[in-house]
>>> print(open('start-v1.cif').read())   # mmCIF, C-alpha atoms
data_input
#
loop_
_atom_site.label_atom_id
_atom_site.label_comp_id
_atom_site.auth_asym_id
_atom_site.auth_seq_id
_atom_site.Cartn_x
_atom_site.Cartn_y
_atom_site.Cartn_z
CA MET Y 1 -4.00 31.28 -7.43
CA GLN Y 2 -4.25 34.98 -6.60
CA ASN Y 3 -3.45 34.43 -2.91
CA VAL Y 4 -0.43 32.23 -3.63
CA ARG Y 5 3.01 33.73 -3.16
CA THR Y 6 4.58 35.00 -6.39
CA GLU Y 7 7.56 32.64 -6.16
CA HIS Y 8 5.24 29.71 -5.40
CA ARG Y 9 3.00 30.59 -8.31
CA LYS Y 10 5.98 30.66 -10.63
CA ALA Y 11 7.09 27.21 -9.57
CA LEU Y 12 3.54 25.88 -9.87
CA ASP Y 13 3.20 27.39 -13.34
CA SER Y 14 6.30 25.46 -14.38
CA LEU Y 15 4.29 22.26 -13.89
CA ALA Y 16 1.46 23.33 -16.17
CA GLY Y 17 3.14 22.27 -19.38
CA GLN Y 18 4.50 18.93 -18.16
CA THR Y 19 1.57 16.64 -18.92
CA ASP Y 20 3.26 15.07 -21.95
CA ASP Y 21 6.46 14.37 -20.01
CA MET Y 22 4.56 12.86 -17.08
CA LEU Y 23 2.47 10.77 -19.46
CA ALA Y 24 5.56 9.45 -21.25
CA LYS Y 25 7.26 8.55 -17.96
CA THR Y 26 4.17 6.77 -16.65
CA ARG Y 27 3.84 4.78 -19.87
CA GLN Y 28 7.49 3.77 -19.57
CA LEU Y 29 7.11 2.58 -15.97
CA ALA Y 30 3.82 0.77 -16.61
CA GLY Y 31 5.41 -0.98 -19.59
CA ILE Y 32 7.72 -2.82 -17.19
CA ASN Y 33 6.01 -5.73 -15.46
CA SER Y 34 6.72 -5.36 -11.76
CA GLY Y 35 4.38 -7.85 -10.14
CA SER Y 36 5.39 -8.27 -6.51
CA PHE Y 37 7.12 -11.60 -7.19
CA ASN Y 38 8.86 -10.42 -10.36
CA ALA Y 39 12.00 -9.32 -8.52
CA GLN Y 40 13.82 -8.56 -11.76
CA GLY Y 41 11.02 -6.35 -13.06
CA VAL Y 42 10.76 -4.52 -9.73
CA ALA Y 43 14.52 -3.90 -9.85
CA GLN Y 44 14.17 -2.53 -13.38
CA VAL Y 45 11.53 -0.03 -12.23
CA ALA Y 46 13.77 0.96 -9.31
CA GLU Y 47 16.70 1.49 -11.66
CA GLN Y 48 14.68 3.77 -13.94
CA LEU Y 49 13.32 5.83 -11.03
CA ALA Y 50 16.79 6.15 -9.52
CA ALA Y 51 17.99 7.68 -12.80
CA TRP Y 52 15.10 10.16 -12.82
CA PHE Y 53 15.49 11.18 -9.16
CA ARG Y 54 19.29 11.26 -9.07
CA PRO Y 55 19.58 14.91 -10.27
CA LEU Y 56 17.29 15.94 -7.38
CA ALA Y 57 18.61 13.86 -4.48
CA ASP Y 58 21.81 14.07 -2.47
CA THR Y 59 21.97 10.29 -2.11
CA VAL Y 60 20.34 7.38 -3.95
CA GLU Y 61 20.55 3.96 -2.31
CA THR Y 62 19.24 0.58 -3.37
CA MET Y 63 18.62 -1.68 -0.38
CA ALA Y 64 18.02 -5.43 -0.34
CA THR Y 65 14.59 -6.55 0.86
CA PRO Y 66 14.28 -9.82 2.83
CA PRO Y 67 12.56 -12.70 1.01
CA LEU Y 68 8.92 -13.38 1.81
CA ARG Y 69 8.20 -16.69 3.55
CA GLN Y 70 4.91 -18.09 2.24
CA LEU Y 71 2.77 -21.13 2.91
CA ALA Y 72 2.58 -23.10 -0.34
CA ASP Y 73 -0.40 -25.19 -1.44
CA ASP Y 74 1.46 -28.39 -0.50
CA GLY Y 75 1.74 -27.28 3.13
CA THR Y 76 5.44 -26.38 3.00
CA PHE Y 77 6.94 -22.94 3.52
CA VAL Y 78 8.94 -21.35 0.73
CA ASP Y 79 11.04 -18.19 0.62
CA ARG Y 80 10.26 -15.98 -2.35
CA PRO Y 81 12.84 -13.35 -3.40
CA MET Y 82 11.81 -9.71 -3.41
CA GLY Y 83 13.04 -6.78 -5.46
CA PRO Y 84 15.02 -3.93 -3.87
CA THR Y 85 13.83 -0.94 -1.88
CA LEU Y 86 14.89 2.43 -3.27
CA VAL Y 87 15.78 5.19 -0.78
CA MET Y 88 16.66 8.76 -1.87
CA ARG Y 89 17.49 11.63 0.45
CA LYS Y 90 17.86 15.41 0.28
CA ARG Y 91 19.21 17.50 3.16
CA SER Y 92 18.97 14.60 5.59
CA GLY Y 93 20.44 16.76 8.36
CA ALA Y 94 17.59 19.29 8.25
CA SER Y 95 15.65 19.80 11.46
CA ARG Y 96 12.30 19.31 9.67
CA ARG Y 97 11.82 16.47 7.23
CA VAL Y 98 9.12 15.06 4.97
CA LEU Y 99 8.85 11.39 4.05
CA LEU Y 100 7.48 10.68 0.57
CA ALA Y 101 6.61 7.06 -0.19
CA GLY Y 102 5.22 4.79 -2.86
CA HIS Y 103 5.68 1.27 -4.13
CA LEU Y 104 7.49 -0.27 -7.07
CA ASP Y 105 5.31 -3.37 -7.37
CA THR Y 106 1.90 -4.04 -8.87
CA VAL Y 107 -0.66 -6.81 -8.40
CA PHE Y 108 -0.15 -8.10 -11.95
CA PRO Y 109 2.27 -11.05 -12.23
CA GLN Y 110 4.40 -11.87 -15.25
CA SER Y 111 1.78 -14.43 -16.27
CA SER Y 112 -1.00 -11.81 -16.35
CA THR Y 113 -2.66 -11.14 -19.69
CA PHE Y 114 -2.92 -7.48 -18.71
CA GLN Y 115 0.39 -6.02 -19.86
CA ALA Y 116 -0.40 -3.48 -22.59
CA VAL Y 117 -0.41 0.27 -21.95
CA ASP Y 118 -2.61 2.34 -24.22
CA GLN Y 119 -4.24 5.76 -24.32
CA ARG Y 120 -7.94 6.16 -25.00
CA SER Y 121 -8.99 9.78 -25.17
CA ASP Y 122 -7.95 11.37 -21.86
CA ARG Y 123 -7.40 8.06 -20.06
CA LEU Y 124 -4.27 5.95 -19.84
CA HIS Y 125 -5.05 2.24 -19.45
CA GLY Y 126 -2.50 -0.25 -18.19
CA PRO Y 127 -1.17 -2.26 -15.25
CA GLY Y 128 -0.23 0.04 -12.41
CA VAL Y 129 -0.83 3.33 -14.25
CA ALA Y 130 -2.95 4.53 -11.31
CA ASP Y 131 -1.69 2.20 -8.59
CA LEU Y 132 0.72 3.79 -8.47
CA LYS Y 133 3.24 4.45 -11.20
CA GLY Y 134 1.48 7.64 -12.23
CA GLY Y 135 1.77 8.74 -8.60
CA LEU Y 136 5.54 8.20 -8.61
CA VAL Y 137 5.82 10.59 -11.54
CA VAL Y 138 3.60 13.14 -9.73
CA MET Y 139 5.88 12.87 -6.68
CA ARG Y 140 8.99 13.59 -8.74
CA GLN Y 141 7.47 16.59 -10.49
CA ALA Y 142 6.34 18.08 -7.17
CA LEU Y 143 9.86 17.78 -5.76
CA MET Y 144 11.28 19.39 -8.88
CA ALA Y 145 8.99 22.38 -8.33
CA LEU Y 146 9.98 22.60 -4.65
CA GLU Y 147 13.69 22.59 -5.46
CA GLN Y 148 13.32 25.75 -7.56
CA LEU Y 149 12.81 27.79 -4.39
CA PRO Y 150 15.42 29.11 -1.91
CA ASP Y 151 13.07 28.14 0.95
CA ALA Y 152 13.61 24.49 0.05
CA GLN Y 153 16.95 24.67 1.87
CA SER Y 154 15.11 24.80 5.20
CA MET Y 155 13.57 21.36 4.80
CA GLY Y 156 14.81 17.84 4.12
CA TRP Y 157 13.03 15.02 2.36
CA THR Y 158 13.36 11.28 1.93
CA VAL Y 159 11.75 9.11 -0.74
CA VAL Y 160 11.18 5.43 0.09
CA LEU Y 161 9.90 3.18 -2.71
CA ASN Y 162 9.29 -0.38 -1.56
CA PRO Y 163 8.89 -3.57 -3.61
CA ASP Y 164 6.25 -5.43 -1.60
CA GLU Y 165 3.40 -3.07 -0.74
CA GLU Y 166 0.81 -5.05 -2.67
CA ILE Y 167 1.53 -8.14 -0.56
CA GLY Y 168 1.57 -6.39 2.81
CA SER Y 169 5.03 -4.75 2.99
CA ILE Y 170 6.27 -7.57 5.22
CA GLY Y 171 9.93 -7.15 4.31
CA SER Y 172 9.95 -3.36 4.05
CA SER Y 173 7.88 -2.58 7.16
CA PRO Y 174 10.88 -2.26 9.54
CA LEU Y 175 12.45 0.35 7.27
CA LEU Y 176 9.18 2.24 6.90
CA GLU Y 177 8.68 2.29 10.67
CA HIS Y 178 12.25 3.52 11.19
CA GLU Y 179 11.82 6.31 8.64
CA ALA Y 180 8.46 7.30 10.13
CA ARG Y 181 10.17 8.04 13.43
CA GLN Y 182 12.79 10.21 11.70
CA HIS Y 183 10.33 12.44 9.83
CA ASP Y 184 7.59 14.94 10.65
CA ILE Y 185 5.06 14.49 7.82
CA GLY Y 186 4.30 11.68 5.38
CA MET Y 187 3.11 11.99 1.77
CA ILE Y 188 2.22 8.73 -0.01
CA TYR Y 189 1.25 8.47 -3.66
CA GLU Y 190 -1.52 5.90 -3.86
CA PRO Y 191 -4.22 6.97 -6.34
CA SER Y 192 -7.04 9.18 -5.21
CA LEU Y 193 -10.50 7.72 -4.98
CA PRO Y 194 -12.25 7.52 -8.39
CA ASN Y 195 -14.21 10.69 -7.64
CA GLY Y 196 -10.99 12.57 -6.87
CA ASN Y 197 -11.48 12.58 -3.11
CA LEU Y 198 -8.64 11.98 -0.66
CA VAL Y 199 -8.62 9.47 2.20
CA ALA Y 200 -8.48 10.39 5.88
CA GLY Y 201 -9.01 7.24 8.01
CA ARG Y 202 -8.49 3.65 6.92
CA LYS Y 203 -9.37 0.24 8.26
CA GLY Y 204 -6.63 -2.14 9.32
CA SER Y 205 -5.97 -5.47 7.67
CA GLY Y 206 -4.56 -8.91 8.36
CA ASN Y 207 -3.99 -12.00 6.23
CA PHE Y 208 -4.17 -15.45 7.79
CA GLN Y 209 -3.83 -19.07 6.70
CA VAL Y 210 -5.36 -22.08 8.43
CA LEU Y 211 -3.44 -25.29 7.72
CA VAL Y 212 -5.19 -28.57 8.48
CA ARG Y 213 -3.47 -31.94 8.34
CA GLY Y 214 -5.45 -35.17 8.56
CA ARG Y 215 -4.72 -38.78 7.64
CA ALA Y 216 -4.83 -40.22 4.14
CA ALA Y 217 -6.56 -43.53 3.48
CA HIS Y 218 -8.20 -45.49 0.66
CA ALA Y 219 -11.65 -44.00 0.19
CA GLY Y 220 -13.23 -47.37 -0.38
CA ARG Y 221 -11.45 -50.12 1.53
CA GLU Y 222 -10.22 -48.10 4.54
CA HIS Y 223 -12.26 -44.91 4.63
CA HIS Y 224 -12.75 -45.36 8.37
CA LEU Y 225 -8.99 -45.11 8.94
CA GLY Y 226 -8.74 -41.71 7.26
CA ARG Y 227 -9.17 -38.31 8.84
CA ASN Y 228 -10.60 -35.87 6.34
CA ALA Y 229 -8.72 -32.54 6.40
CA ILE Y 230 -11.25 -30.89 4.08
CA ARG Y 231 -14.14 -31.72 6.41
CA ALA Y 232 -12.27 -30.30 9.39
CA LEU Y 233 -11.37 -27.19 7.44
CA ALA Y 234 -14.97 -26.80 6.28
CA ASP Y 235 -16.11 -26.67 9.90
CA ALA Y 236 -13.36 -24.16 10.72
CA THR Y 237 -14.35 -22.08 7.69
CA VAL Y 238 -17.99 -21.88 8.80
CA ALA Y 239 -16.93 -20.87 12.32
CA ILE Y 240 -14.52 -18.22 11.01
CA ASP Y 241 -17.09 -16.76 8.61
CA SER Y 242 -19.56 -16.60 11.50
CA LEU Y 243 -17.33 -13.98 13.16
CA ASN Y 244 -18.87 -11.47 10.75
CA GLY Y 245 -21.44 -9.30 12.48
CA GLN Y 246 -20.14 -10.06 15.97
CA ARG Y 247 -18.06 -6.90 16.39
CA GLN Y 248 -18.73 -3.52 14.80
CA GLY Y 249 -16.38 -2.66 11.96
CA VAL Y 250 -14.80 -6.13 11.76
CA THR Y 251 -15.21 -8.15 8.57
CA VAL Y 252 -13.73 -11.54 7.77
CA ASN Y 253 -13.40 -12.72 4.18
CA VAL Y 254 -12.70 -16.42 3.64
CA GLY Y 255 -11.05 -15.98 0.28
CA GLN Y 256 -9.45 -19.24 -0.85
CA ILE Y 257 -9.48 -22.94 -0.03
CA THR Y 258 -7.04 -25.49 -1.42
CA GLY Y 259 -6.55 -29.16 -0.65
CA GLY Y 260 -7.34 -32.70 -1.53
CA GLY Y 261 -6.55 -34.61 -4.70
CA PRO Y 262 -7.83 -37.84 -6.26
CA VAL Y 263 -11.34 -38.49 -5.00
CA ASN Y 264 -10.50 -42.08 -4.03
CA ILE Y 265 -8.15 -40.83 -1.30
CA VAL Y 266 -9.29 -39.35 2.01
CA PRO Y 267 -7.62 -35.90 1.87
CA ASP Y 268 -4.92 -35.30 4.45
CA LEU Y 269 -4.22 -31.62 3.70
CA ALA Y 270 -6.37 -28.49 3.31
CA ILE Y 271 -5.58 -24.78 3.57
CA LEU Y 272 -7.82 -21.76 4.07
CA ARG Y 273 -6.64 -18.22 3.30
CA LEU Y 274 -8.58 -15.30 4.72
CA ASN Y 275 -8.45 -11.54 5.12
CA VAL Y 276 -9.65 -9.51 8.11
CA ARG Y 277 -10.52 -5.79 8.14
CA LEU Y 278 -11.01 -3.81 11.34
CA GLN Y 279 -11.57 -0.27 12.60
CA GLN Y 280 -9.89 -0.14 16.01
CA PRO Y 281 -6.49 -1.40 17.22
CA SER Y 282 -8.24 -3.32 20.01
CA ASP Y 283 -10.09 -5.36 17.38
CA GLN Y 284 -6.83 -7.18 16.58
CA ALA Y 285 -6.72 -8.95 19.94
CA TRP Y 286 -10.39 -9.94 19.69
CA VAL Y 287 -9.96 -11.44 16.22
CA SER Y 288 -6.77 -13.27 17.22
CA ASP Y 289 -8.48 -14.74 20.30
CA GLU Y 290 -11.51 -15.89 18.31
CA LEU Y 291 -9.38 -17.52 15.63
CA GLN Y 292 -7.33 -19.36 18.25
CA LYS Y 293 -10.53 -20.63 19.91
CA ILE Y 294 -11.67 -22.10 16.60
CA ILE Y 295 -8.27 -23.71 16.00
CA ARG Y 296 -8.27 -25.26 19.48
CA GLU Y 297 -11.73 -26.75 18.94
CA ILE Y 298 -10.77 -28.33 15.62
CA ASN Y 299 -7.60 -29.74 17.22
CA THR Y 300 -9.66 -31.73 19.74
CA ARG Y 301 -10.62 -34.09 16.91
CA ASP Y 302 -8.82 -37.38 16.58
CA GLY Y 303 -6.12 -37.40 13.90
CA ILE Y 304 -6.53 -33.72 13.00
CA GLU Y 305 -3.73 -31.18 13.42
CA THR Y 306 -4.59 -27.52 12.72
CA SER Y 307 -2.31 -24.49 12.81
CA LEU Y 308 -2.82 -20.75 12.24
CA HIS Y 309 -0.31 -18.67 10.29
CA GLY Y 310 0.00 -15.05 9.17
CA GLY Y 311 -1.12 -12.01 11.10
CA PHE Y 312 -2.03 -8.34 10.96
CA THR Y 313 0.12 -6.31 8.58
CA ARG Y 314 -1.78 -2.99 8.49
CA PRO Y 315 -2.97 -1.38 11.74
CA PRO Y 316 -6.03 0.87 11.48
CA LYS Y 317 -5.27 4.46 10.47
CA LEU Y 318 -7.07 6.71 12.95
CA ARG Y 319 -8.11 10.34 12.49
CA THR Y 320 -5.80 11.83 15.10
CA ALA Y 321 -5.35 15.52 15.87
CA ALA Y 322 -2.07 15.52 13.93
CA LEU Y 323 -3.75 13.98 10.88
CA GLU Y 324 -6.60 16.49 11.08
CA SER Y 325 -4.04 19.31 11.13
CA LEU Y 326 -2.41 17.92 7.98
CA ILE Y 327 -5.82 17.50 6.34
CA GLY Y 328 -6.47 21.18 7.07
CA SER Y 329 -3.17 22.20 5.45
CA ILE Y 330 -3.88 20.24 2.28
CA SER Y 331 -7.43 21.56 2.18
CA GLU Y 332 -6.02 25.10 2.21
CA CYS Y 333 -3.79 24.18 -0.75
CA ARG Y 334 -6.83 22.75 -2.51
CA ASP Y 335 -8.74 25.99 -2.05
CA LEU Y 336 -5.81 28.15 -3.16
CA LEU Y 337 -5.50 26.08 -6.34
CA GLY Y 338 -9.24 26.12 -7.00
CA MET Y 339 -9.47 22.33 -6.83
CA ASP Y 340 -12.56 20.41 -5.80
CA PHE Y 341 -12.29 17.29 -3.65
CA ALA Y 342 -13.47 16.10 -0.23
CA TRP Y 343 -12.23 13.67 2.43
CA GLU Y 344 -13.47 10.14 3.05
CA ASP Y 345 -12.73 7.19 5.29
CA THR Y 346 -12.25 3.85 3.53
CA GLY Y 347 -11.92 0.14 4.17
CA GLY Y 348 -8.84 -0.05 1.94
CA CYS Y 349 -5.38 0.07 3.45
CA CYS Y 350 -1.80 0.83 2.40
CA ASP Y 351 1.58 1.83 3.82
CA GLY Y 352 -0.09 4.95 5.22
CA ASN Y 353 -1.55 2.66 7.89
CA ASN Y 354 1.89 1.50 8.99
CA LEU Y 355 3.41 4.97 8.95
CA ALA Y 356 0.53 6.33 11.03
CA ALA Y 357 0.89 3.49 13.52
CA ALA Y 358 4.54 4.53 13.92
CA GLY Y 359 3.38 8.06 14.78
CA LEU Y 360 3.78 9.81 11.42
CA PRO Y 361 0.79 11.92 10.29
CA ASN Y 362 0.37 11.31 6.59
CA ILE Y 363 -1.88 11.69 3.59
CA ASP Y 364 -1.59 8.54 1.54
CA ASN Y 365 -3.40 8.96 -1.77
CA LEU Y 366 -1.80 12.04 -3.30
CA GLY Y 367 -1.27 10.31 -6.64
CA VAL Y 368 -3.26 10.53 -9.85
CA VAL Y 369 -7.02 10.23 -10.22
CA GLY Y 370 -7.93 6.80 -11.57
CA ALA Y 371 -10.25 3.84 -11.19
CA ASN Y 372 -10.64 0.07 -11.47
CA ILE Y 373 -7.31 -0.57 -9.79
CA HIS Y 374 -6.31 -4.22 -9.26
CA SER Y 375 -8.31 -5.16 -12.36
CA HIS Y 376 -7.67 -5.44 -16.08
CA GLN Y 377 -9.74 -2.27 -16.52
CA GLU Y 378 -7.34 -0.08 -14.52
CA TYR Y 379 -6.90 3.44 -15.85
CA MET Y 380 -5.81 6.92 -14.80
CA ASN Y 381 -7.12 10.31 -15.89
CA ILE Y 382 -4.37 12.07 -17.81
CA PRO Y 383 -5.68 15.60 -16.96
CA SER Y 384 -5.07 14.83 -13.25
CA PHE Y 385 -1.27 14.85 -13.65
CA VAL Y 386 -0.76 18.60 -13.36
CA PRO Y 387 -3.26 19.50 -10.58
CA ARG Y 388 -2.11 16.60 -8.39
CA ALA Y 389 1.54 17.57 -8.86
CA GLN Y 390 0.65 21.19 -8.05
CA LEU Y 391 -1.22 20.11 -4.91
CA SER Y 392 1.82 18.27 -3.52
CA ALA Y 393 4.21 20.98 -4.65
CA LEU Y 394 2.20 23.75 -2.97
CA LEU Y 395 2.02 21.83 0.31
CA LEU Y 396 5.79 21.25 0.24
CA MET Y 397 6.49 24.90 -0.58
CA ARG Y 398 4.17 26.18 2.15
CA LEU Y 399 5.81 23.86 4.68
CA ALA Y 400 9.28 25.00 3.65
CA SER Y 401 8.33 28.68 3.92
CA ASP Y 402 6.34 28.29 7.18
CA ASP Y 403 3.09 29.33 5.51
CA THR Y 404 1.39 26.29 6.99
CA PRO Y 405 1.89 24.64 10.40
CA TRP Y 406 3.79 21.39 10.88
CA PRO Y 407 1.57 18.88 12.73
CA VAL Y 408 2.72 17.83 16.18
CA LYS Y 409 3.51 14.12 16.07
CA GLU Y 410 1.62 12.00 18.57
CA THR Y 411 2.62 8.90 20.47
CA LEU Y 412 -0.01 6.31 19.76
CA GLY Y 413 -0.97 3.69 22.30
#
>>> encode(input="start-v1.cif", output="structure tokens")
Amino acid sequence: MQNVRTEHRKALDSLAGQTDDMLAKTRQLAGINSGSFNAQGVAQVAEQLAAWFRPLADTVETMATPPLRQLADDGTFVDRPMGPTLVMRKRSGASRRVLLAGHLDTVFPQSSTFQAVDQRSDRLHGPGVADLKGGLVVMRQALMALEQLPDAQSMGWTVVLNPDEEIGSIGSSPLLEHEARQHDIGMIYEPSLPNGNLVAGRKGSGNFQVLVRGRAAHAGREHHLGRNAIRALADATVAIDSLNGQRQGVTVNVGQITGGGPVNIVPDLAILRLNVRLQQPSDQAWVSDELQKIIREINTRDGIETSLHGGFTRPPKLRTAALESLIGSISECRDLLGMDFAWEDTGGCCDGNNLAAAGLPNIDNLGVVGANIHSHQEYMNIPSFVPRAQLSALLLMRLASDDTPWPVKETLG
């Protein structure tokens, strides 16, 4: 760090001995089940983080998140309550502002058998330790280092922690889009890639459900009077899966089928759930058109009623000039700290997609180094706490002191 300002080096050095504290805080957060639909657990995580951030922030606000309307397996729609969104601000009137974001929820429900948090050598295993409760602790430590410096007064920051990222951020997306327009740079604390690399571009994503209603009948005496919803859905499923390979960068995953019941009844209900990934914004219209064509064809059949639900929740994250400028700034911090990581594009997506679509250049996996996320083998590397906190802290300090340029936000078409 010989080319780092003396005052910056001092603040960065203050992070060097904080591994034990960061580890303890991550263990505490990961010990609270906060599956996306465990609203009480999500609220408990928010409450703990509010207490930790309160000494740093000017304001701490807990905001209600709208319930998520979902298609249930019986063909009805149900509203599922969500936990709160936590918003914390510092110097909100500053002319230049950074948005820091992460999520409170994990993919592991209350019924999951993966609840224990344990340390094995230099790895911490547990639900959400990498994705992304360890990242929330890294974010806090970086802000603590920033606030040691007089230059911090020149810059404002906002932290937004949402409760529904793992299920598409449906309820929190309007707030994220609003905050994106009010800030100049975004820093999101998803975990790095397992090799330590950071992500530049990301694919977009959409989740859809195909609901087919037929006509029930006795499978023996009046089979001819029935209209088999599973058969109709099977044909739709084949047609939807055949979209793969038709457009570069577009993949369609038919992930779940439910329906039917006793085998002596012609099934009158079947549901397909699918995920779509795409590279370009224009791909969304193509996919939507193709899905509607398939639905219309199935609906020409006597006694069959088919409907399409869901939509695209994550637009593709493109490598714009503003993003490349931010990548350059973080790469300079990497070199000054003697770190070793590269940049990759990925098919995964997160709130960084939505923030970028709203015009905010952002780096979205500034959290800890870990692997096997979304599985019972999830872990994070404990030695990554300090360098990742130093990376974020140095970027924030260089922005506050004008040692690195602020990207020019772009209006995306």
>>> resolve_selection(input="start-v1.cif", expression="the PyMOL selection byres ((chain Y and resi 103) around 9)", output="short mmCIF file (atom, residue, chain, number, x, y, z; two decimals) with C-alpha atoms, keeping the file's coordinate frame")
data_model
loop_
_atom_site.label_atom_id
_atom_site.label_comp_id
_atom_site.auth_asym_id
_atom_site.auth_seq_id
_atom_site.Cartn_x
_atom_site.Cartn_y
_atom_site.Cartn_z
CA THR Y 85 13.83 -0.94 -1.88
CA ALA Y 101 6.61 7.06 -0.19
CA GLY Y 102 5.22 4.79 -2.86
CA LEU Y 104 7.49 -0.27 -7.07
CA ASP Y 105 5.31 -3.37 -7.37
CA THR Y 106 1.90 -4.04 -8.87
CA ASP Y 131 -1.69 2.20 -8.59
CA LEU Y 132 0.72 3.79 -8.47
CA LYS Y 133 3.24 4.45 -11.20
CA LEU Y 136 5.54 8.20 -8.61
CA VAL Y 160 11.18 5.43 0.09
CA LEU Y 161 9.90 3.18 -2.71
CA ASN Y 162 9.29 -0.38 -1.56
CA PRO Y 163 8.89 -3.57 -3.61
CA ASP Y 164 6.25 -5.43 -1.60
CA GLU Y 165 3.40 -3.07 -0.74
CA GLU Y 166 0.81 -5.05 -2.67
CA TYR Y 189 1.25 8.47 -3.66
CA GLU Y 190 -1.52 5.90 -3.86
CA ASP Y 351 1.58 1.83 3.82
#
>>> residues_around(input="start-v1.cif", residues="segment 240-243 of chain Y", least_positions_apart="4", cutoff="12 Å", atoms="all atoms listed in the file", output="number ranges by chain")
Y: 208-210, 233-236, 247-255, 272-277, 286-295, 297-298
>>> write_last_selection(input="start-v1.cif", atoms="C-alpha atoms", output="PDB file, keeping the file's coordinate frame")
ATOM      1  CA  PHE Y 208      -4.170 -15.450   7.790  1.00  0.00           C
ATOM      2  CA  GLN Y 209      -3.830 -19.070   6.700  1.00  0.00           C
ATOM      3  CA  VAL Y 210      -5.360 -22.080   8.430  1.00  0.00           C
ATOM      4  CA  LEU Y 233     -11.370 -27.190   7.440  1.00  0.00           C
ATOM      5  CA  ALA Y 234     -14.970 -26.800   6.280  1.00  0.00           C
ATOM      6  CA  ASP Y 235     -16.110 -26.670   9.900  1.00  0.00           C
ATOM      7  CA  ALA Y 236     -13.360 -24.160  10.720  1.00  0.00           C
ATOM      8  CA  ARG Y 247     -18.060  -6.900  16.390  1.00  0.00           C
ATOM      9  CA  GLN Y 248     -18.730  -3.520  14.800  1.00  0.00           C
ATOM     10  CA  GLY Y 249     -16.380  -2.660  11.960  1.00  0.00           C
ATOM     11  CA  VAL Y 250     -14.800  -6.130  11.760  1.00  0.00           C
ATOM     12  CA  THR Y 251     -15.210  -8.150   8.570  1.00  0.00           C
ATOM     13  CA  VAL Y 252     -13.730 -11.540   7.770  1.00  0.00           C
ATOM     14  CA  ASN Y 253     -13.400 -12.720   4.180  1.00  0.00           C
ATOM     15  CA  VAL Y 254     -12.700 -16.420   3.640  1.00  0.00           C
ATOM     16  CA  GLY Y 255     -11.050 -15.980   0.280  1.00  0.00           C
ATOM     17  CA  LEU Y 272      -7.820 -21.760   4.070  1.00  0.00           C
ATOM     18  CA  ARG Y 273      -6.640 -18.220   3.300  1.00  0.00           C
ATOM     19  CA  LEU Y 274      -8.580 -15.300   4.720  1.00  0.00           C
ATOM     20  CA  ASN Y 275      -8.450 -11.540   5.120  1.00  0.00           C
ATOM     21  CA  VAL Y 276      -9.650  -9.510   8.110  1.00  0.00           C
ATOM     22  CA  ARG Y 277     -10.520  -5.790   8.140  1.00  0.00           C
ATOM     23  CA  TRP Y 286     -10.390  -9.940  19.690  1.00  0.00           C
ATOM     24  CA  VAL Y 287      -9.960 -11.440  16.220  1.00  0.00           C
ATOM     25  CA  SER Y 288      -6.770 -13.270  17.220  1.00  0.00           C
ATOM     26  CA  ASP Y 289      -8.480 -14.740  20.300  1.00  0.00           C
ATOM     27  CA  GLU Y 290     -11.510 -15.890  18.310  1.00  0.00           C
ATOM     28  CA  LEU Y 291      -9.380 -17.520  15.630  1.00  0.00           C
ATOM     29  CA  GLN Y 292      -7.330 -19.360  18.250  1.00  0.00           C
ATOM     30  CA  LYS Y 293     -10.530 -20.630  19.910  1.00  0.00           C
ATOM     31  CA  ILE Y 294     -11.670 -22.100  16.600  1.00  0.00           C
ATOM     32  CA  ILE Y 295      -8.270 -23.710  16.000  1.00  0.00           C
ATOM     33  CA  GLU Y 297     -11.730 -26.750  18.940  1.00  0.00           C
ATOM     34  CA  ILE Y 298     -10.770 -28.330  15.620  1.00  0.00           C
TER      35      ILE Y 298
END
>>> residues_around(input="start-v1.cif", residues="segment 65-79 of chain Y", least_positions_apart="4", cutoff="9 Å", atoms="only C-alpha atoms", output="MDAnalysis selection string")
chainID Y and resid 83:85 162:164 170:172 209 211:213 258:259 269:271 309
>>> atom_distance(input="start-v1.cif", atom1="atom CA of Val4 of chain Y", atom2="atom CA of Ala142 of chain Y")
16.1 Å
>>> atom_distance(input="start-v1.cif", atom1="atom CA of Pro191 of chain Y", atom2="atom CA of Leu399 of chain Y")
22.5 Å
>>> resolve_selection(input="start-v1.cif", expression="the PyMOL selection byres ((chain Y and resi 127) around 7)", output="list in words")
Ala30, Phe108, Phe114, Gln115, Gly126, Gly128, Val129 and Glu378 of chain Y
>>> atom_distance(input="start-v1.cif", atom1="atom CA of Ser169 of chain Y", atom2="atom CA of Asn353 of chain Y")
11.1 Å
>>> closest_residue(input="start-v1.cif", among="Y:Val98, Y:Met1, Y:Ile167, Y:Leu149", to="Glu332 of chain Y", atoms="only C-alpha atoms")
Y:Met1
>>> resolve_selection(input="start-v1.cif", expression="the PyMOL selection byres ((chain Y and resi 16) around 10)", output="list in words")
Ala11, Leu12, Asp13, Ser14, Leu15, Gly17, Gln18, Thr19, Phe385, Val386, Pro387, Ala389 and Gln390 of chain Y
>>> residues_around(input="start-v1.cif", residues="Arg301 of chain Y", least_positions_apart="5", cutoff="10 Å", atoms="all atoms listed in the file", output="list of chain:residue names")
Y:Gly214, Y:Arg227, Y:Ala232, Y:Arg296, Y:Thr306
>>> residues_around(input="start-v1.cif", residues="Asp58 of chain Y", least_positions_apart="5", cutoff="10 Å", atoms="only C-alpha atoms", output="PyMOL selection string")
chain Y and resi 53+88-92+158
>>> closest_residue(input="start-v1.cif", among="Y:Pro174, Y:Ile373, Y:Ile304, Y:Thr6", to="Pro194 of chain Y", atoms="all atoms listed in the file")
Y:Ile373
>>> residues_near_point(input="start-v1.cif", point="(5.1, -16.4, -12.7)", cutoff="10 Å", atoms="all atoms listed in the file", output="list in words")
Gly35, Phe37, Asn38, Phe108, Pro109, Gln110, Ser111 and Ser112 of chain Y
